[in-house]
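Just below is one structure, and these are the notes that go with it.
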Amino acid sequence: MTNDEIRPARPADVPAVKAVTDMAYHHYIARIGVVPQPMEADHMANVAAGRVFVVGEPVIGLVVIEAHDDHLFLDSIAVHPDARGTGVGRRLLEFVDARARALGLPEVRLYTNALMWENQEIYPKHGYEVVERRVDGPYDRIHYRKRLD
C-alpha cells in the first residue's frame with residue numbers, strides 16, 4: 001500500500017480520525033456558534049461499521065460515508081490543515097464517487113452548514129448541485145446532490 005491509497009479505517013485509526021476531524025472543523029465553532037456535528041460523531045462506531053475511509057500514514061484525510069437504497073451519503077470529509085491544497089480533498093471526493101458507482105448508487109448526497117461558505121464554492125466545482133436549505137436544530141444546512149449518471 002502506498003501513502004496515497006484510500007483504505008477502510010481500522011480501530012487503531014480512531015484517535016487519528018478524531019484528531020484530523022477536530023483539526024479540520026474546530027475553526028468553524030466560533031463562526032457557526034455550535035460544535036460542528038462531525039466533531040461530535042462516534043468515531044469508533046463509524047469505523048466499526050465500515051463507514052470511514054482514510055488516506056495517509058499517518059492519516060491526513062478521511063471521509064465518513066453511509067450507503068442508502070438510492071444514494072451514498074457523504075456524512076463528513078476532513079483534511080488535516082497541513083495537507084490543505086495538496087489534492088487530498090479532491091481525491092477523497094473522487095473516491096466517494098467511485099464507491100457510490102461500485103455500490104450501484106446513482107447519486108451522492110451531502111450537506112454543509114450555511115456559514116461554511118468555503119464548501120459552497122468547493123462542492124459545485126465537483127459537480128454537486130444545491131437541493132435545498134433547511135434548519136435542523138441548531139444547524140442551518142445547505143443540502144447538495146451529485147448525480148452520477
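By convention in this document, the chains of the C-alpha cells carry letters A, B, ... by their order, each chain's residues are numbered from 1, and ligands are numbered from 1 in the order they are shown.
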Selection: 7 Å around A:Gly127, only C-alpha atoms, excl. self and same-chain fewer than 3 positions, as a list in words:
Tyr123, Pro124 and Lys146 of chain A
List as a short mmCIF file (atom, residue, chain, number, x, y, z; two decimals) with N, CA and C atoms, in the first residue's frame the protein and nucleic acid residues near stretch 103-105 of chain A, meaning an atom at most 9 Å away when only C-alpha atoms are counted, but skip any in the same chain fewer than 2 places from it.
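Listed below is the output, part-v4.cif:
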```cif
data_model
loop_
_atom_site.label_atom_id
_atom_site.label_comp_id
_atom_site.auth_asym_id
_atom_site.auth_seq_id
_atom_site.Cartn_x
_atom_site.Cartn_y
_atom_site.Cartn_z
N ALA A 67 -24.16 4.18 2.94
CA ALA A 67 -24.96 3.77 1.80
C ALA A 67 -26.44 3.69 2.18
N HIS A 68 -27.27 4.25 1.32
CA HIS A 68 -28.73 4.15 1.44
C HIS A 68 -29.24 3.46 0.17
N ASP A 69 -30.53 3.18 0.12
CA ASP A 69 -31.08 2.47 -1.04
C ASP A 69 -30.88 3.23 -2.35
N ASP A 70 -30.97 4.56 -2.31
CA ASP A 70 -30.94 5.33 -3.55
C ASP A 70 -29.80 6.33 -3.65
N HIS A 71 -28.89 6.35 -2.67
CA HIS A 71 -27.76 7.28 -2.72
C HIS A 71 -26.69 6.89 -1.71
N LEU A 72 -25.53 7.48 -1.90
CA LEU A 72 -24.46 7.38 -0.91
C LEU A 72 -24.41 8.72 -0.20
N ALA A 98 -16.54 7.03 -6.82
CA ALA A 98 -16.22 5.67 -7.25
C ALA A 98 -16.91 4.64 -6.35
N ARG A 99 -16.95 4.91 -5.08
CA ARG A 99 -17.60 4.00 -4.13
C ARG A 99 -19.10 3.90 -4.43
N ALA A 100 -19.73 5.05 -4.67
CA ALA A 100 -21.16 5.04 -5.00
C ALA A 100 -21.41 4.23 -6.27
N ARG A 101 -20.59 4.45 -7.27
CA ARG A 101 -20.75 3.70 -8.53
C ARG A 101 -20.57 2.20 -8.29
N GLU A 107 -26.42 8.47 -7.06
CA GLU A 107 -26.01 9.82 -6.66
C GLU A 107 -25.37 9.81 -5.28
N VAL A 108 -24.66 10.92 -5.03
CA VAL A 108 -24.06 11.19 -3.73
C VAL A 108 -24.79 12.40 -3.17
N LEU A 148 -24.67 10.73 -10.67
CA LEU A 148 -23.53 10.02 -11.25
C LEU A 148 -23.83 9.39 -12.60
#
```
Enumerate as a VMD selection string all residues of stretch 20-117 of chain A assigned to strand (DSSP E or B) by DSSP on the backbone, naming them with the chain letters and numbers the document uses.
chain A and resid 52 to 55 61 to 67 72 to 79 107 to 113
I need the chosen residues saved as an mmCIF file, in the first residue's frame, with N, CA, C and O atoms.
```
data_model
loop_
_atom_site.group_PDB
_atom_site.id
_atom_site.type_symbol
_atom_site.label_atom_id
_atom_site.label_comp_id
_atom_site.auth_asym_id
_atom_site.auth_seq_id
_atom_site.Cartn_x
_atom_site.Cartn_y
_atom_site.Cartn_z
ATOM 1 N N VAL A 52 -15.879 4.665 7.540
ATOM 2 C CA VAL A 52 -14.772 5.620 7.493
ATOM 3 C C VAL A 52 -13.658 5.083 6.598
ATOM 4 O O VAL A 52 -13.231 3.940 6.731
ATOM 5 N N PHE A 53 -13.186 5.956 5.706
ATOM 6 C CA PHE A 53 -12.075 5.640 4.820
ATOM 7 C C PHE A 53 -11.036 6.738 4.992
ATOM 8 O O PHE A 53 -11.385 7.913 5.071
ATOM 9 N N VAL A 54 -9.771 6.326 5.062
ATOM 10 C CA VAL A 54 -8.699 7.263 5.359
ATOM 11 C C VAL A 54 -7.628 7.223 4.284
ATOM 12 O O VAL A 54 -7.500 6.259 3.535
ATOM 13 N N VAL A 55 -6.828 8.291 4.257
ATOM 14 C CA VAL A 55 -5.665 8.370 3.384
ATOM 15 C C VAL A 55 -4.499 8.874 4.226
ATOM 16 O O VAL A 55 -4.673 9.728 5.093
ATOM 17 N N GLY A 61 -6.318 12.604 5.884
ATOM 18 C CA GLY A 61 -7.645 12.910 5.371
ATOM 19 C C GLY A 61 -8.552 11.712 5.520
ATOM 20 O O GLY A 61 -8.086 10.580 5.645
ATOM 21 N N LEU A 62 -9.860 12.004 5.512
ATOM 22 C CA LEU A 62 -10.828 10.927 5.691
ATOM 23 C C LEU A 62 -12.200 11.342 5.182
ATOM 24 O O LEU A 62 -12.488 12.528 5.040
ATOM 25 N N VAL A 63 -12.997 10.336 4.907
ATOM 26 C CA VAL A 63 -14.413 10.537 4.616
ATOM 27 C C VAL A 63 -15.204 9.566 5.466
ATOM 28 O O VAL A 63 -14.730 8.470 5.793
ATOM 29 N N VAL A 64 -16.411 10.009 5.831
ATOM 30 C CA VAL A 64 -17.375 9.154 6.506
ATOM 31 C C VAL A 64 -18.568 9.074 5.571
ATOM 32 O O VAL A 64 -19.158 10.109 5.220
ATOM 33 N N ILE A 65 -18.897 7.866 5.131
ATOM 34 C CA ILE A 65 -19.973 7.689 4.164
ATOM 35 C C ILE A 65 -20.950 6.633 4.669
ATOM 36 O O ILE A 65 -20.612 5.788 5.491
ATOM 37 N N GLU A 66 -22.170 6.717 4.129
ATOM 38 C CA GLU A 66 -23.194 5.746 4.506
ATOM 39 C C GLU A 66 -24.062 5.454 3.287
ATOM 40 O O GLU A 66 -24.629 6.366 2.677
ATOM 41 N N ALA A 67 -24.158 4.176 2.944
ATOM 42 C CA ALA A 67 -24.962 3.771 1.797
ATOM 43 C C ALA A 67 -26.437 3.693 2.176
ATOM 44 O O ALA A 67 -26.790 3.152 3.222
ATOM 45 N N LEU A 72 -25.532 7.479 -1.900
ATOM 46 C CA LEU A 72 -24.461 7.381 -0.912
ATOM 47 C C LEU A 72 -24.408 8.724 -0.204
ATOM 48 O O LEU A 72 -24.323 9.773 -0.856
ATOM 49 N N PHE A 73 -24.487 8.702 1.107
ATOM 50 C CA PHE A 73 -24.465 9.932 1.893
ATOM 51 C C PHE A 73 -23.038 10.198 2.356
ATOM 52 O O PHE A 73 -22.419 9.350 3.005
ATOM 53 N N LEU A 74 -22.518 11.353 1.991
ATOM 54 C CA LEU A 74 -21.200 11.790 2.449
ATOM 55 C C LEU A 74 -21.423 12.573 3.731
ATOM 56 O O LEU A 74 -21.804 13.738 3.707
ATOM 57 N N ASP A 75 -21.224 11.902 4.846
ATOM 58 C CA ASP A 75 -21.501 12.481 6.151
ATOM 59 C C ASP A 75 -20.446 13.491 6.554
ATOM 60 O O ASP A 75 -20.751 14.512 7.163
ATOM 61 N N SER A 76 -19.205 13.218 6.228
ATOM 62 C CA SER A 76 -18.118 14.111 6.627
ATOM 63 C C SER A 76 -16.910 13.883 5.747
ATOM 64 O O SER A 76 -16.634 12.756 5.329
ATOM 65 N N ILE A 77 -16.203 14.969 5.478
ATOM 66 C CA ILE A 77 -14.902 14.911 4.822
ATOM 67 C C ILE A 77 -14.001 15.823 5.632
ATOM 68 O O ILE A 77 -14.403 16.924 6.012
ATOM 69 N N ALA A 78 -12.817 15.342 5.944
ATOM 70 C CA ALA A 78 -11.887 16.130 6.751
ATOM 71 C C ALA A 78 -10.475 15.944 6.211
ATOM 72 O O ALA A 78 -10.061 14.829 5.905
ATOM 73 N N VAL A 79 -9.771 17.058 6.108
ATOM 74 C CA VAL A 79 -8.379 17.051 5.663
ATOM 75 C C VAL A 79 -7.562 17.795 6.718
ATOM 76 O O VAL A 79 -7.955 18.880 7.161
ATOM 77 N N GLU A 107 -26.422 8.472 -7.059
ATOM 78 C CA GLU A 107 -26.015 9.815 -6.658
ATOM 79 C C GLU A 107 -25.373 9.814 -5.280
ATOM 80 O O GLU A 107 -25.521 8.881 -4.495
ATOM 81 N N VAL A 108 -24.659 10.916 -5.027
ATOM 82 C CA VAL A 108 -24.062 11.187 -3.727
ATOM 83 C C VAL A 108 -24.790 12.398 -3.165
ATOM 84 O O VAL A 108 -25.069 13.351 -3.890
ATOM 85 N N ARG A 109 -25.098 12.336 -1.880
ATOM 86 C CA ARG A 109 -25.734 13.469 -1.196
ATOM 87 C C ARG A 109 -24.869 13.891 -0.014
ATOM 88 O O ARG A 109 -24.171 13.074 0.577
ATOM 89 N N LEU A 110 -24.953 15.151 0.315
ATOM 90 C CA LEU A 110 -24.253 15.690 1.473
ATOM 91 C C LEU A 110 -24.931 16.979 1.877
ATOM 92 O O LEU A 110 -25.786 17.503 1.162
ATOM 93 N N TYR A 111 -24.547 17.485 3.035
ATOM 94 C CA TYR A 111 -24.955 18.828 3.419
ATOM 95 C C TYR A 111 -23.798 19.508 4.120
ATOM 96 O O TYR A 111 -22.858 18.866 4.587
ATOM 97 N N THR A 112 -23.854 20.828 4.120
ATOM 98 C CA THR A 112 -22.852 21.629 4.803
ATOM 99 C C THR A 112 -23.549 22.777 5.503
ATOM 100 O O THR A 112 -24.643 23.193 5.096
ATOM 101 N N ASN A 113 -22.935 23.272 6.542
ATOM 102 C CA ASN A 113 -23.501 24.412 7.251
ATOM 103 C C ASN A 113 -23.475 25.628 6.332
ATOM 104 O O ASN A 113 -22.502 25.849 5.603
#
```
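Compared by their closest atoms to A:Pro15, and using only C-alpha atoms, the residues A:Asp42, A:Val130, A:Pro106, A:Gly89 rank with A:Asp42 nearest.
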